[in-house]
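So this block is query32.cif, mmCIF, N, CA and C atoms:
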```
data_model
loop_
_atom_site.label_atom_id
_atom_site.label_comp_id
_atom_site.auth_asym_id
_atom_site.auth_seq_id
_atom_site.Cartn_x
_atom_site.Cartn_y
_atom_site.Cartn_z
N MET E 1 0.84 -1.18 0.00
CA MET E 1 0.00 0.00 0.00
C MET E 1 0.89 1.25 0.00
N GLU E 2 0.71 2.09 -1.00
CA GLU E 2 1.51 3.31 -1.10
C GLU E 2 0.90 4.41 -0.26
N THR E 3 1.78 5.21 0.33
CA THR E 3 1.28 6.37 1.08
C THR E 3 1.26 7.57 0.15
N GLU E 4 0.31 8.43 0.37
CA GLU E 4 0.20 9.65 -0.42
C GLU E 4 1.35 10.59 -0.06
N PRO E 5 1.94 11.24 -1.05
CA PRO E 5 2.99 12.21 -0.72
C PRO E 5 2.40 13.36 0.11
N VAL E 6 3.20 13.83 1.04
CA VAL E 6 2.77 14.92 1.91
C VAL E 6 3.17 16.24 1.26
N ASP E 7 2.25 17.19 1.24
CA ASP E 7 2.60 18.50 0.69
C ASP E 7 3.18 19.38 1.80
N PHE E 8 3.76 20.50 1.39
CA PHE E 8 4.46 21.38 2.32
C PHE E 8 3.55 21.88 3.45
N ARG E 9 2.36 22.36 3.11
CA ARG E 9 1.46 22.91 4.15
C ARG E 9 1.04 21.83 5.15
N THR E 10 0.79 20.62 4.67
CA THR E 10 0.42 19.53 5.58
C THR E 10 1.58 19.21 6.51
N ALA E 11 2.78 19.13 5.94
CA ALA E 11 3.97 18.87 6.77
C ALA E 11 4.19 20.00 7.76
N PHE E 12 3.98 21.25 7.32
CA PHE E 12 4.17 22.41 8.19
C PHE E 12 3.26 22.34 9.42
N ARG E 13 2.04 21.83 9.23
CA ARG E 13 1.07 21.73 10.33
C ARG E 13 1.21 20.42 11.11
N GLY E 14 2.17 19.59 10.74
CA GLY E 14 2.35 18.28 11.36
C GLY E 14 2.86 18.37 12.79
N THR E 15 3.27 17.24 13.29
CA THR E 15 3.77 17.12 14.66
C THR E 15 5.27 17.42 14.70
N PHE E 16 5.65 18.27 15.62
CA PHE E 16 7.05 18.66 15.78
C PHE E 16 7.47 18.52 17.23
N SER E 17 8.74 18.23 17.42
CA SER E 17 9.32 18.17 18.76
C SER E 17 10.22 19.38 18.94
N GLY E 18 10.11 20.00 20.10
CA GLY E 18 10.97 21.13 20.40
C GLY E 18 12.32 20.68 20.91
N ILE E 19 13.35 21.38 20.52
CA ILE E 19 14.69 21.12 21.03
C ILE E 19 14.87 22.11 22.18
N LEU E 20 14.87 21.57 23.38
CA LEU E 20 14.79 22.41 24.56
C LEU E 20 16.13 22.87 25.14
N ARG E 21 17.15 22.05 25.01
CA ARG E 21 18.44 22.36 25.62
C ARG E 21 19.46 22.68 24.54
N TRP E 22 20.39 23.57 24.86
CA TRP E 22 21.43 23.94 23.90
C TRP E 22 22.27 22.72 23.51
N GLU E 23 22.51 21.81 24.46
CA GLU E 23 23.28 20.60 24.15
C GLU E 23 22.53 19.73 23.13
N GLN E 24 21.20 19.68 23.27
CA GLN E 24 20.39 18.94 22.30
C GLN E 24 20.48 19.59 20.92
N LEU E 25 20.51 20.91 20.90
CA LEU E 25 20.64 21.60 19.63
C LEU E 25 21.99 21.29 18.98
N ASP E 26 23.06 21.27 19.78
CA ASP E 26 24.38 20.92 19.25
C ASP E 26 24.33 19.55 18.58
N ALA E 27 23.73 18.57 19.27
CA ALA E 27 23.63 17.21 18.73
C ALA E 27 22.77 17.19 17.46
N PHE E 28 21.69 17.97 17.48
CA PHE E 28 20.82 18.02 16.31
C PHE E 28 21.55 18.63 15.12
N TRP E 29 22.28 19.75 15.36
CA TRP E 29 23.04 20.36 14.26
C TRP E 29 24.02 19.35 13.67
N ASP E 30 24.69 18.55 14.53
CA ASP E 30 25.62 17.53 14.03
C ASP E 30 24.90 16.53 13.14
N CYS E 31 23.71 16.10 13.55
CA CYS E 31 22.90 15.19 12.76
C CYS E 31 22.56 15.83 11.41
N LEU E 32 22.16 17.08 11.44
CA LEU E 32 21.78 17.79 10.22
C LEU E 32 22.99 17.99 9.30
N ARG E 33 24.15 18.30 9.88
CA ARG E 33 25.36 18.45 9.07
C ARG E 33 25.69 17.16 8.33
N ASN E 34 25.43 16.02 8.99
CA ASN E 34 25.69 14.72 8.36
C ASN E 34 24.73 14.43 7.22
N ASP E 35 23.63 15.16 7.15
CA ASP E 35 22.64 14.99 6.09
C ASP E 35 22.50 16.28 5.27
N ALA E 36 23.54 17.10 5.30
CA ALA E 36 23.46 18.42 4.65
C ALA E 36 23.32 18.32 3.15
N ALA E 37 23.74 17.21 2.57
CA ALA E 37 23.64 17.05 1.12
C ALA E 37 22.31 16.39 0.74
N GLY E 38 21.36 16.40 1.66
CA GLY E 38 20.11 15.68 1.46
C GLY E 38 19.01 16.46 0.80
N ASN E 39 19.32 17.32 -0.16
CA ASN E 39 18.28 18.05 -0.90
C ASN E 39 17.42 18.93 -0.01
N TRP E 40 18.04 19.87 0.65
CA TRP E 40 17.36 20.78 1.56
C TRP E 40 17.00 22.09 0.86
N TYR E 41 15.81 22.58 1.18
CA TYR E 41 15.39 23.93 0.81
C TYR E 41 15.57 24.80 2.05
N LEU E 42 16.06 26.00 1.88
CA LEU E 42 16.14 26.98 2.96
C LEU E 42 15.17 28.10 2.64
N TYR E 43 14.28 28.38 3.58
CA TYR E 43 13.22 29.36 3.35
C TYR E 43 13.20 30.35 4.49
N ALA E 44 13.39 31.62 4.18
CA ALA E 44 13.21 32.70 5.15
C ALA E 44 11.78 33.17 4.98
N VAL E 45 10.94 32.86 5.94
CA VAL E 45 9.52 33.19 5.84
C VAL E 45 9.38 34.71 5.69
N GLY E 46 8.61 35.11 4.68
CA GLY E 46 8.46 36.52 4.34
C GLY E 46 9.20 36.86 3.06
N GLU E 47 10.16 36.02 2.68
CA GLU E 47 10.85 36.16 1.40
C GLU E 47 10.14 35.25 0.40
N GLU E 48 10.54 35.33 -0.86
CA GLU E 48 10.02 34.41 -1.86
C GLU E 48 10.45 32.99 -1.50
N PRO E 49 9.55 32.03 -1.56
CA PRO E 49 9.96 30.65 -1.29
C PRO E 49 10.96 30.18 -2.34
N PRO E 50 11.93 29.39 -1.94
CA PRO E 50 12.92 28.91 -2.90
C PRO E 50 12.33 27.88 -3.86
N THR E 51 12.89 27.83 -5.04
CA THR E 51 12.45 26.85 -6.04
C THR E 51 13.50 25.76 -6.24
N GLU E 52 14.67 25.95 -5.63
CA GLU E 52 15.74 24.96 -5.76
C GLU E 52 16.35 24.67 -4.40
N THR E 53 16.88 23.47 -4.27
CA THR E 53 17.59 23.11 -3.05
C THR E 53 18.94 23.83 -3.03
N VAL E 54 19.54 23.86 -1.86
CA VAL E 54 20.84 24.52 -1.71
C VAL E 54 21.94 23.46 -1.58
N SER E 55 23.15 23.90 -1.73
CA SER E 55 24.29 22.99 -1.64
C SER E 55 24.55 22.58 -0.20
N GLU E 56 25.34 21.54 -0.04
CA GLU E 56 25.75 21.09 1.29
C GLU E 56 26.46 22.21 2.03
N ALA E 57 27.34 22.93 1.34
CA ALA E 57 28.08 24.03 1.96
C ALA E 57 27.13 25.12 2.45
N GLU E 58 26.06 25.40 1.69
CA GLU E 58 25.09 26.43 2.10
C GLU E 58 24.29 25.98 3.32
N VAL E 59 23.96 24.71 3.40
CA VAL E 59 23.25 24.20 4.58
C VAL E 59 24.14 24.34 5.81
N VAL E 60 25.39 23.92 5.70
CA VAL E 60 26.32 24.00 6.83
C VAL E 60 26.53 25.46 7.24
N ARG E 61 26.69 26.33 6.26
CA ARG E 61 26.87 27.76 6.57
C ARG E 61 25.64 28.31 7.28
N PHE E 62 24.45 27.96 6.79
CA PHE E 62 23.22 28.42 7.44
C PHE E 62 23.16 27.92 8.89
N ILE E 63 23.46 26.64 9.11
CA ILE E 63 23.45 26.09 10.47
C ILE E 63 24.39 26.90 11.36
N ASP E 64 25.60 27.13 10.91
CA ASP E 64 26.58 27.88 11.70
C ASP E 64 26.09 29.30 12.01
N GLU E 65 25.57 29.97 11.00
CA GLU E 65 25.13 31.36 11.17
C GLU E 65 23.88 31.48 12.04
N VAL E 66 22.90 30.59 11.81
CA VAL E 66 21.66 30.69 12.60
C VAL E 66 21.93 30.27 14.05
N ASP E 67 22.84 29.31 14.25
CA ASP E 67 23.20 28.92 15.62
C ASP E 67 23.81 30.11 16.36
N GLU E 68 24.70 30.82 15.69
CA GLU E 68 25.31 32.00 16.31
C GLU E 68 24.25 33.05 16.63
N LEU E 69 23.34 33.29 15.70
CA LEU E 69 22.27 34.27 15.91
C LEU E 69 21.39 33.87 17.09
N LEU E 70 20.99 32.60 17.15
CA LEU E 70 20.11 32.15 18.23
C LEU E 70 20.78 32.29 19.59
N ARG E 71 22.02 31.90 19.68
CA ARG E 71 22.73 31.96 20.97
C ARG E 71 22.96 33.41 21.41
N ARG E 72 23.17 34.29 20.45
CA ARG E 72 23.40 35.70 20.77
C ARG E 72 22.10 36.40 21.17
N GLU E 73 21.00 36.10 20.46
CA GLU E 73 19.77 36.86 20.66
C GLU E 73 18.72 36.17 21.51
N HIS E 74 18.91 34.91 21.82
CA HIS E 74 17.99 34.19 22.71
C HIS E 74 18.77 33.87 23.98
N ALA E 75 19.02 34.90 24.76
CA ALA E 75 19.89 34.81 25.93
C ALA E 75 19.18 34.12 27.08
N GLU E 76 18.87 32.87 26.89
CA GLU E 76 18.22 32.05 27.92
C GLU E 76 19.10 30.83 28.16
N ASP E 77 18.87 30.14 29.27
CA ASP E 77 19.65 28.93 29.52
C ASP E 77 19.02 27.71 28.84
N TYR E 78 18.00 27.92 28.04
CA TYR E 78 17.36 26.86 27.27
C TYR E 78 17.22 27.34 25.83
N CYS E 79 17.02 26.41 24.93
CA CYS E 79 16.86 26.76 23.51
C CYS E 79 15.39 27.03 23.25
N GLY E 80 14.60 26.02 22.92
CA GLY E 80 13.15 26.17 22.79
C GLY E 80 12.67 26.97 21.59
N VAL E 81 13.53 27.24 20.60
CA VAL E 81 13.10 27.99 19.42
C VAL E 81 13.29 27.19 18.13
N VAL E 82 13.74 25.95 18.26
CA VAL E 82 13.93 25.08 17.10
C VAL E 82 13.03 23.86 17.28
N TYR E 83 12.25 23.57 16.23
CA TYR E 83 11.32 22.45 16.26
C TYR E 83 11.56 21.58 15.03
N VAL E 84 11.50 20.28 15.21
CA VAL E 84 11.82 19.36 14.12
C VAL E 84 10.80 18.23 14.07
N ASP E 85 10.54 17.76 12.85
CA ASP E 85 9.56 16.67 12.68
C ASP E 85 10.10 15.34 13.21
N ASP E 86 11.40 15.08 13.07
CA ASP E 86 12.01 13.85 13.56
C ASP E 86 13.47 14.15 13.87
N VAL E 87 13.83 14.12 15.13
CA VAL E 87 15.17 14.52 15.55
C VAL E 87 16.25 13.64 14.93
N SER E 88 16.00 12.34 14.79
CA SER E 88 17.03 11.45 14.27
C SER E 88 17.06 11.37 12.74
N VAL E 89 15.91 11.60 12.08
CA VAL E 89 15.85 11.61 10.62
C VAL E 89 15.02 12.83 10.20
N PRO E 90 15.61 14.02 10.31
CA PRO E 90 14.84 15.24 10.05
C PRO E 90 14.50 15.40 8.57
N GLY E 91 13.32 15.97 8.35
CA GLY E 91 12.90 16.31 6.99
C GLY E 91 12.30 17.71 6.95
N PHE E 92 12.02 18.27 8.16
CA PHE E 92 11.38 19.58 8.24
C PHE E 92 11.79 20.20 9.57
N VAL E 93 12.36 21.39 9.51
CA VAL E 93 12.85 22.09 10.70
C VAL E 93 12.29 23.51 10.70
N LYS E 94 11.68 23.90 11.82
CA LYS E 94 11.20 25.27 12.00
C LYS E 94 12.10 25.96 13.01
N ILE E 95 12.57 27.14 12.65
CA ILE E 95 13.42 27.92 13.56
C ILE E 95 12.73 29.26 13.78
N PHE E 96 12.39 29.52 15.03
CA PHE E 96 11.69 30.76 15.36
C PHE E 96 12.68 31.86 15.66
N ASP E 97 12.36 33.05 15.20
CA ASP E 97 13.18 34.23 15.43
C ASP E 97 13.04 34.62 16.90
N PRO E 98 14.14 34.68 17.64
CA PRO E 98 14.06 35.05 19.06
C PRO E 98 13.41 36.41 19.31
N ASN E 99 13.40 37.28 18.30
CA ASN E 99 12.80 38.60 18.46
C ASN E 99 11.34 38.66 18.02
N ASN E 100 10.77 37.50 17.66
CA ASN E 100 9.37 37.45 17.23
C ASN E 100 8.74 36.15 17.68
N LEU E 101 8.77 35.89 18.98
CA LEU E 101 8.29 34.61 19.48
C LEU E 101 6.79 34.55 19.69
N GLY E 102 6.18 35.62 20.12
CA GLY E 102 4.74 35.54 20.37
C GLY E 102 4.44 34.34 21.25
N VAL E 103 3.46 33.53 20.85
CA VAL E 103 3.13 32.30 21.57
C VAL E 103 3.58 31.14 20.70
N SER E 104 4.87 30.81 20.73
CA SER E 104 5.38 29.75 19.87
C SER E 104 5.17 28.37 20.47
N CYS E 105 4.90 28.32 21.76
CA CYS E 105 4.60 27.03 22.36
C CYS E 105 3.19 27.10 22.93
N GLY E 106 2.64 25.96 23.20
CA GLY E 106 1.27 25.95 23.69
C GLY E 106 0.29 26.12 22.55
N TYR E 107 -0.92 26.52 22.86
CA TYR E 107 -1.98 26.62 21.86
C TYR E 107 -2.28 28.07 21.55
N SER E 108 -2.48 28.32 20.29
CA SER E 108 -2.86 29.66 19.85
C SER E 108 -3.62 29.52 18.54
N ASP E 109 -4.66 30.34 18.36
CA ASP E 109 -5.38 30.35 17.09
C ASP E 109 -4.51 30.93 15.98
N ASN E 110 -3.61 31.81 16.33
CA ASN E 110 -2.73 32.45 15.35
C ASN E 110 -1.28 32.37 15.83
N PRO E 111 -0.70 31.18 15.83
CA PRO E 111 0.69 31.09 16.30
C PRO E 111 1.61 31.84 15.35
N PRO E 112 2.73 32.35 15.85
CA PRO E 112 3.65 33.07 14.97
C PRO E 112 4.28 32.10 13.97
N LEU E 113 4.61 32.62 12.83
CA LEU E 113 5.32 31.82 11.84
C LEU E 113 6.79 31.75 12.24
N PRO E 114 7.45 30.66 11.89
CA PRO E 114 8.89 30.62 12.15
C PRO E 114 9.61 31.65 11.29
N GLY E 115 10.81 31.98 11.68
CA GLY E 115 11.60 32.90 10.87
C GLY E 115 12.23 32.19 9.69
N TRP E 116 12.63 30.91 9.92
CA TRP E 116 13.33 30.16 8.89
C TRP E 116 12.88 28.72 8.92
N ILE E 117 12.90 28.11 7.74
CA ILE E 117 12.51 26.71 7.61
C ILE E 117 13.55 26.00 6.75
N LEU E 118 13.96 24.83 7.21
CA LEU E 118 14.73 23.90 6.39
C LEU E 118 13.77 22.76 6.09
N SER E 119 13.65 22.41 4.84
CA SER E 119 12.68 21.38 4.47
C SER E 119 13.17 20.60 3.27
N LYS E 120 12.83 19.31 3.26
CA LYS E 120 13.11 18.50 2.08
C LYS E 120 11.96 18.59 1.09
N LEU E 121 10.89 19.27 1.48
CA LEU E 121 9.77 19.54 0.59
C LEU E 121 9.91 20.98 0.09
N GLN E 122 9.57 21.20 -1.15
CA GLN E 122 9.67 22.56 -1.69
C GLN E 122 8.65 23.46 -0.99
N PRO E 123 9.12 24.56 -0.38
CA PRO E 123 8.23 25.47 0.33
C PRO E 123 7.25 26.19 -0.58
N VAL E 124 6.13 26.56 0.03
CA VAL E 124 5.16 27.44 -0.61
C VAL E 124 5.08 28.69 0.26
N ASP E 125 4.57 29.77 -0.29
CA ASP E 125 4.48 31.03 0.43
C ASP E 125 3.54 30.88 1.62
N LEU E 126 4.05 31.12 2.81
CA LEU E 126 3.23 31.05 4.02
C LEU E 126 2.55 32.38 4.33
N GLN E 127 2.77 33.36 3.48
CA GLN E 127 2.12 34.65 3.60
C GLN E 127 2.24 35.25 5.00
N ALA E 128 3.47 35.58 5.32
CA ALA E 128 3.74 36.24 6.59
C ALA E 128 2.93 37.53 6.66
N PRO E 129 2.32 37.84 7.81
CA PRO E 129 1.50 39.04 7.91
C PRO E 129 2.29 40.32 7.71
N MET E 130 3.58 40.28 7.98
CA MET E 130 4.44 41.45 7.81
C MET E 130 5.76 40.98 7.22
N PRO E 131 6.41 41.82 6.43
CA PRO E 131 7.73 41.43 5.91
C PRO E 131 8.73 41.31 7.05
N GLN E 132 9.80 40.61 6.78
CA GLN E 132 10.86 40.50 7.78
C GLN E 132 11.42 41.87 8.09
N PRO E 133 11.82 42.10 9.34
CA PRO E 133 12.48 43.37 9.67
C PRO E 133 13.74 43.53 8.83
N GLY E 134 14.13 44.76 8.60
CA GLY E 134 15.29 45.06 7.76
C GLY E 134 16.55 44.33 8.19
N ASN E 135 16.80 44.25 9.50
CA ASN E 135 18.03 43.59 9.96
C ASN E 135 18.02 42.11 9.62
N ARG E 136 16.85 41.45 9.65
CA ARG E 136 16.76 40.04 9.31
C ARG E 136 16.91 39.84 7.80
N ARG E 137 16.33 40.73 7.03
CA ARG E 137 16.48 40.63 5.57
C ARG E 137 17.94 40.80 5.19
N ARG E 138 18.63 41.75 5.78
CA ARG E 138 20.05 41.95 5.47
C ARG E 138 20.87 40.74 5.89
N TRP E 139 20.55 40.16 7.06
CA TRP E 139 21.25 38.96 7.53
C TRP E 139 21.09 37.84 6.52
N TRP E 140 19.87 37.61 6.07
CA TRP E 140 19.57 36.55 5.11
C TRP E 140 20.27 36.81 3.78
N GLN E 141 20.19 38.03 3.30
CA GLN E 141 20.82 38.37 2.01
C GLN E 141 22.33 38.26 2.07
N ARG E 142 22.92 38.68 3.20
CA ARG E 142 24.36 38.56 3.38
C ARG E 142 24.79 37.09 3.39
N LEU E 143 23.96 36.26 3.98
CA LEU E 143 24.27 34.84 4.09
C LEU E 143 24.44 34.19 2.73
N PHE E 144 23.65 34.63 1.76
CA PHE E 144 23.68 34.01 0.44
C PHE E 144 24.18 34.94 -0.66
N ALA E 145 24.88 36.00 -0.26
CA ALA E 145 25.47 36.90 -1.27
C ALA E 145 26.59 36.16 -1.99
N SER E 146 26.67 36.39 -3.25
CA SER E 146 27.73 35.72 -4.06
C SER E 146 29.06 36.37 -3.86
#
```
Here is the file; what I need is its structure written in the form of structure tokens.
Amino acid sequence: METEPVDFRTAFRGTFSGILRWEQLDAFWDCLRNDAAGNWYLYAVGEEPPTETVSEAEVVRFIDEVDELLRREHAEDYCGVVYVDDVSVPGFVKIFDPNNLGVSCGYSDNPPLPGWILSKLQPVDLQAPMPQPGNRRRWWQRLFAS
């Protein structure tokens, strides 16, 4: 019996586990680096969704840069801003912007959108209610400047 392919929006609304401790995030990043060549899309919510996957080097660079940003701007003794569909075999990762958390955990009729998504499914426009702040757009553009 074949399973129906999952589309991006269905996967986005799926079940995710939060990475609560910084040590867990370190281990998760290592897992993701080992699968960096696995056809990943990088999507900054509020920007145009990507139409092509990125290189292994771009995935690793993104991990390094977003890890630095999270540790600098989420000055807590816990992580709690990275959510993944499967910690050991990830296919979809949501990373929330520490400066736009709203109600990212618990229940909300209008939960905030993540700032960034890594996905093996091609993203579709999530229609962020507001564009990314200028500093986040510059960070994203600098990350992938040629």
Determine the residue set returned by the PyMOL selection byres ((chain E and resi 124) around 8) for the present structure, and present it as a short mmCIF file (atom, residue, chain, number, x, y, z; two decimals) with N, CA and C atoms, keeping the file's coordinate frame.
```
data_model
loop_
_atom_site.label_atom_id
_atom_site.label_comp_id
_atom_site.auth_asym_id
_atom_site.auth_seq_id
_atom_site.Cartn_x
_atom_site.Cartn_y
_atom_site.Cartn_z
N ASP E 7 2.25 17.19 1.24
CA ASP E 7 2.60 18.50 0.69
C ASP E 7 3.18 19.38 1.80
N PHE E 8 3.76 20.50 1.39
CA PHE E 8 4.46 21.38 2.32
C PHE E 8 3.55 21.88 3.45
N ARG E 9 2.36 22.36 3.11
CA ARG E 9 1.46 22.91 4.15
C ARG E 9 1.04 21.83 5.15
N GLU E 48 10.54 35.33 -0.86
CA GLU E 48 10.02 34.41 -1.86
C GLU E 48 10.45 32.99 -1.50
N PRO E 49 9.55 32.03 -1.56
CA PRO E 49 9.96 30.65 -1.29
C PRO E 49 10.96 30.18 -2.34
N PRO E 50 11.93 29.39 -1.94
CA PRO E 50 12.92 28.91 -2.90
C PRO E 50 12.33 27.88 -3.86
N LEU E 121 10.89 19.27 1.48
CA LEU E 121 9.77 19.54 0.59
C LEU E 121 9.91 20.98 0.09
N GLN E 122 9.57 21.20 -1.15
CA GLN E 122 9.67 22.56 -1.69
C GLN E 122 8.65 23.46 -0.99
N PRO E 123 9.12 24.56 -0.38
CA PRO E 123 8.23 25.47 0.33
C PRO E 123 7.25 26.19 -0.58
N ASP E 125 4.57 29.77 -0.29
CA ASP E 125 4.48 31.03 0.43
C ASP E 125 3.54 30.88 1.62
N LEU E 126 4.05 31.12 2.81
CA LEU E 126 3.23 31.05 4.02
C LEU E 126 2.55 32.38 4.33
N GLN E 127 2.77 33.36 3.48
CA GLN E 127 2.12 34.65 3.60
C GLN E 127 2.24 35.25 5.00
#
```
Q) With distances taken over all atoms listed in the file, which of E:Thr15, E:Arg33, E:Val6, E:Gln141 is nearest to Val60 in chain E? A)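 Of all the options, E:Arg33 lies closest to Val60 in chain E.
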Q.
One decimal, in Å: what's the spacing between atom N of Tyr41 in chain E and atom N of Trp116 in chain E?
A.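 One can read the atom N of Tyr41 in chain E to atom N of Trp116 in chain E distance as 12.5 Å.
Comparing E:Asp64, E:Val81, E:Leu118, E:Leu25 by their smallest distance to Pro98 in chain E, the closest is E:Val81 (using all atoms listed in the file).
Non-sequential neighbours of range 66-80 of chain E (distance at most 6.5 Å, separation of 3 or more positions within a chain, only N, CA and C atoms) are Gly18, Ile19, Leu20, Arg21, Trp22, Arg61, Phe62, Ile63, Tyr83, Pro98 and Asn99 of chain E.
The residue that comes closest to Asp26 in chain E, out of E:Val82, E:Val54, E:Leu143, E:Ile117 and on the basis of only C-alpha atoms, is E:Val82.
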Q) How far is it from atom N of Ile95 in chain E to CA of Gly115 in chain E, in Å with one decimal? A) 6.1 Å
Q.
Let's see if you can do this: from backbone DSSP, list all strand (DSSP E or B) residues in chain E, as number ranges by chain.
A. E: 17-19, 41-45, 47, 82-84, 92-95, 116-119
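Shortest atom-to-atom contact with Trp140 in chain E among E:Lys120, E:Ala44, E:Phe28, E:Ala11: E:Ala44, counting only N, CA and C atoms.
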Q: Report the residues of chain E whose backbone DSSP state falls under helix (DSSP H, G or I), written as a PyMOL selection string.
A: chain E and resi 8-12+22-34+56-73+134-143
Q. Looking at all atoms listed in the file, which of E:Leu32, E:Phe16, E:Thr53, E:Gly38 is the one that sits closest to Ser88 in chain E?
A. E:Leu32
Q: Please indicate the distance in Å from CA of Leu42 in chain E to CA of Ser55 in chain E, rounded to one decimal place.
A: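 Computing the Euclidean distance for CA of Leu42 in chain E and CA of Ser55 in chain E yields 10.2 Å.
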Padding 6 Å on each side, edges along x, y and z: where is the centre of the box around the listed atoms of range 65-81 of chain E, and how long are its edges in Å to one decimal? Output it as lines of an AutoDock Vina configuration file.
```
center_x = 19.1
center_y = 31.4
center_z = 20.3
size_x = 24.9
size_y = 22.8
size_z = 30.5
```
